Amino acid sequence: MKKIFVTRKLLKENEEKLKELFDVKLNPDDKIYSAAEIIEGSKNFDGILSSVTDPINSETISKLSSSIKIIANGAVGFGNINIKAAREKGITVTNTPDVLTDATADIQILLLLGASRKAYEGRIAAETQSWKWSWDFLLGKQMSNKRLGILGMGRIGRAVAKRAKAFGMEIHYHNRSKLSSDLEDGAIYHKTIKDLFEQSEFLSLNCPATPETTKIVNKETLSYLKKNTVIGNAARGDIVDDDAMVEAIKNGTVFAYGLDVYNGEPKIHPEYLKLKNIFLLPHLGSATKRTRWDMAYRATKNLQDFFSGKKPQDQVN
Ligand code: DGY
């Protein structure tokens with residue numbers, strides 16, 4: 001039996017399945033391991049089933065036991081793993097696309113709505129009983145009939161577009177390349193971020209974290225926006241320059257910002273915690289039982305395929 005080091009505690013059913021197939025080392029206390037603990041703990045194992053919280057950068061990879069042949073990341077994003085360093089060391093990396101598309105797109109809509117309709121302030125007012133209905137109480141911005149810009153029109157971006165259409169939104173997008181008209185499904189392509197940002201009244205950040213997208217939302221790109229834009233980020237904290245975002249919120253370029261992901265999670269930029277027009281969630285994009293089960297199942301399937309000599313369907317390097 002192949003030996004698999006599982007970095008985080010999974011749902012019980014997923015752990016049972018893994019135990020049937022592999023000799024597994026589980027993490028019943030769900031401790032978040034440091035790089036050193038991953039290196040030490042996975043010595044002489046054949047594979048790792050990792051999670052978004054694991055820092056598997058090039059230095060970690062260089063120190064991993066040479067017995068490790070695959071890292072099956074239980075997430076669609078794999079910015080936590082240096083896939084180039086892994087490839088150079090002969091380690092296959094896989095992710096779990098598709099299965100979390102709907103759950104994450106749902107959260108993105110929640111972020112846009114929560115931010116634009118002042119859900120955070122509303123909750124505080126309700127909780128502290130410090131409110132009364134009045135004509136101008138906590139007036140937000142309506143999503144209906146607005147232009148939604150989507151940065152990153154992959155699976156999740158397209159699922160957000162589908163939902164946003166039900167709100168009567170007009171969909172605009174920027175992507176590395178224009179999609180086929182089938183996939184575009186009526187969305188309007190912008191060749192540059194500048195064009196997209198200039199058009200957007202709401203903005204949905206959906207691009208993966210890569211060296212190219214790090215801080216792609218920054219002082220310059222934020223300056224392309226109109227006043228009072230609403231932004232939602234269910235992708236990754238790394239794609240936003242937080243200081244520039246705080247400034248854009250304070251100067252009124254951004255009406256409200258909803259976010260589920262952070263630079264250096266679980267830390268949160270202290271200014272975000274002070275601003276009222278911020279709607280925060282603690283990385284819940286894929287947090288439904290069905291989706292988490294599917295993600296771990298898909299990572300398990302990738303391990304199974306790999307060790308039976310097949311190319312795993314979700315290999316990313
Ligand atoms: C992913 O799969 O990348 C999600 O962020 C995990 O919740």
# chains A, B, ... in the order shown; residues from 1 in each chain; ligands from 1

call {"tool": "residues_near_ligand", "arguments": {"ligand": "ligand 1", "cutoff": "10 Å", "atoms": "only C-alpha atoms and all ligand atoms", "output": "PyMOL selection string"}}
result
chain A and resi 51-53+73-80+95-101+103-104+208-209+234-236+260-261+282-288+291-292+295

call {"tool": "residues_around", "arguments": {"residues": "region 313-317 of chain A", "least_positions_apart": "3", "cutoff": "6 Å", "atoms": "only C-alpha atoms", "output": "PDB file with C-alpha atoms, in the first residue's frame"}}
result
ATOM      1  CA  ILE A  83       4.475  23.785  -9.214  1.00  0.00           C
ATOM      2  CA  VAL A  93       0.812  18.250  -8.559  1.00  0.00           C
ATOM      3  CA  THR A  94      -2.980  18.018  -8.916  1.00  0.00           C
ATOM      4  CA  ASN A  95      -5.884  20.245  -7.912  1.00  0.00           C
TER       5      ASN A  95
END

call {"tool": "select_by_dssp", "arguments": {"residues": "region 130-218 of chain A", "states": "helix (DSSP H, G or I)", "output": "number ranges by chain"}}
result
A: 155-165, 181-184, 193-199

call {"tool": "residues_around", "arguments": {"residues": "Lys84 (chain A)", "least_positions_apart": "5", "cutoff": "12 Å", "atoms": "only C-alpha atoms", "output": "compact mmCIF listing (two decimals) with N, CA, C and O atoms, in the first residue's frame"}}
result
# COMPACT_ATOMS: atom_id res chain seq x y z
N ILE A 56 3.82 25.16 0.58
CA ILE A 56 4.74 24.22 -0.10
C ILE A 56 5.48 25.00 -1.20
O ILE A 56 5.25 24.81 -2.39
N ASN A 57 6.36 25.88 -0.76
CA ASN A 57 7.10 26.71 -1.73
C ASN A 57 8.34 25.96 -2.22
O ASN A 57 8.56 24.80 -1.87
N SER A 58 9.18 26.65 -2.99
CA SER A 58 10.30 25.93 -3.61
C SER A 58 11.27 25.40 -2.55
O SER A 58 11.83 24.31 -2.70
N GLU A 59 11.45 26.15 -1.48
CA GLU A 59 12.38 25.69 -0.44
C GLU A 59 11.84 24.42 0.24
O GLU A 59 12.58 23.45 0.44
N ILE A 61 9.83 22.29 -1.10
CA ILE A 61 9.91 21.19 -2.07
C ILE A 61 11.33 20.64 -2.15
O ILE A 61 11.54 19.43 -2.19
N SER A 62 12.32 21.55 -2.12
CA SER A 62 13.70 21.08 -2.23
C SER A 62 14.06 20.16 -1.05
O SER A 62 14.93 19.32 -1.15
N PHE A 78 -3.83 26.54 -6.49
CA PHE A 78 -2.61 25.85 -6.04
C PHE A 78 -1.46 26.84 -5.90
O PHE A 78 -0.29 26.49 -6.04
N GLY A 79 -1.84 28.09 -5.57
CA GLY A 79 -0.84 29.13 -5.33
C GLY A 79 0.02 28.81 -4.11
O GLY A 79 1.08 29.41 -3.93
N LYS A 89 11.53 18.59 -9.57
CA LYS A 89 11.93 17.49 -8.67
C LYS A 89 11.20 16.19 -9.03
O LYS A 89 11.32 15.18 -8.35
N GLY A 90 10.40 16.24 -10.10
CA GLY A 90 9.69 15.04 -10.55
C GLY A 90 8.44 14.76 -9.73
O GLY A 90 7.98 13.62 -9.64
N ILE A 91 7.90 15.80 -9.10
CA ILE A 91 6.68 15.60 -8.30
C ILE A 91 5.47 16.12 -9.09
O ILE A 91 5.47 17.26 -9.55
N THR A 92 4.48 15.26 -9.24
CA THR A 92 3.23 15.64 -9.91
C THR A 92 2.36 16.42 -8.93
O THR A 92 2.27 16.05 -7.75
N VAL A 93 1.74 17.49 -9.41
CA VAL A 93 0.81 18.25 -8.56
C VAL A 93 -0.57 18.22 -9.21
O VAL A 93 -0.70 18.38 -10.43
N THR A 210 -1.21 33.75 -9.31
CA THR A 210 0.00 33.29 -10.00
C THR A 210 1.01 34.43 -9.87
O THR A 210 0.61 35.55 -9.49
N PRO A 211 2.27 34.19 -10.22
CA PRO A 211 3.21 35.33 -10.16
C PRO A 211 2.71 36.50 -11.01
O PRO A 211 2.87 37.66 -10.63
N VAL A 316 -1.56 19.55 -12.81
CA VAL A 316 -1.38 20.96 -13.20
C VAL A 316 0.07 21.31 -13.56
O VAL A 316 0.37 22.45 -13.88
N ASN A 317 0.97 20.34 -13.47
CA ASN A 317 2.37 20.67 -13.82
C ASN A 317 2.99 19.63 -14.73
O ASN A 317 2.36 18.63 -15.04

call {"tool": "closest_residue", "arguments": {"among": "A:Tyr189, A:Phe22, A:Tyr272, A:Tyr173", "to": "Ser204 (chain A)", "atoms": "only C-alpha atoms"}}
result
A:Tyr173

call {"tool": "select_by_dssp", "arguments": {"residues": "region 10-142 of chain A", "states": "strand (DSSP E or B)", "output": "ChimeraX atom specification"}}
result
/A:23-25,47-50,56,70-73,81,92-94

call {"tool": "closest_residue", "arguments": {"among": "A:Ala85, A:Leu110, A:Gly47, A:His269", "to": "Lys63 (chain A)", "atoms": "only C-alpha atoms"}}
result
A:Ala85

call {"tool": "closest_residue", "arguments": {"among": "A:Thr192, A:Ala299, A:Leu138, A:Asn14", "to": "Ile124 (chain A)", "atoms": "only C-alpha atoms"}}
result
A:Leu138
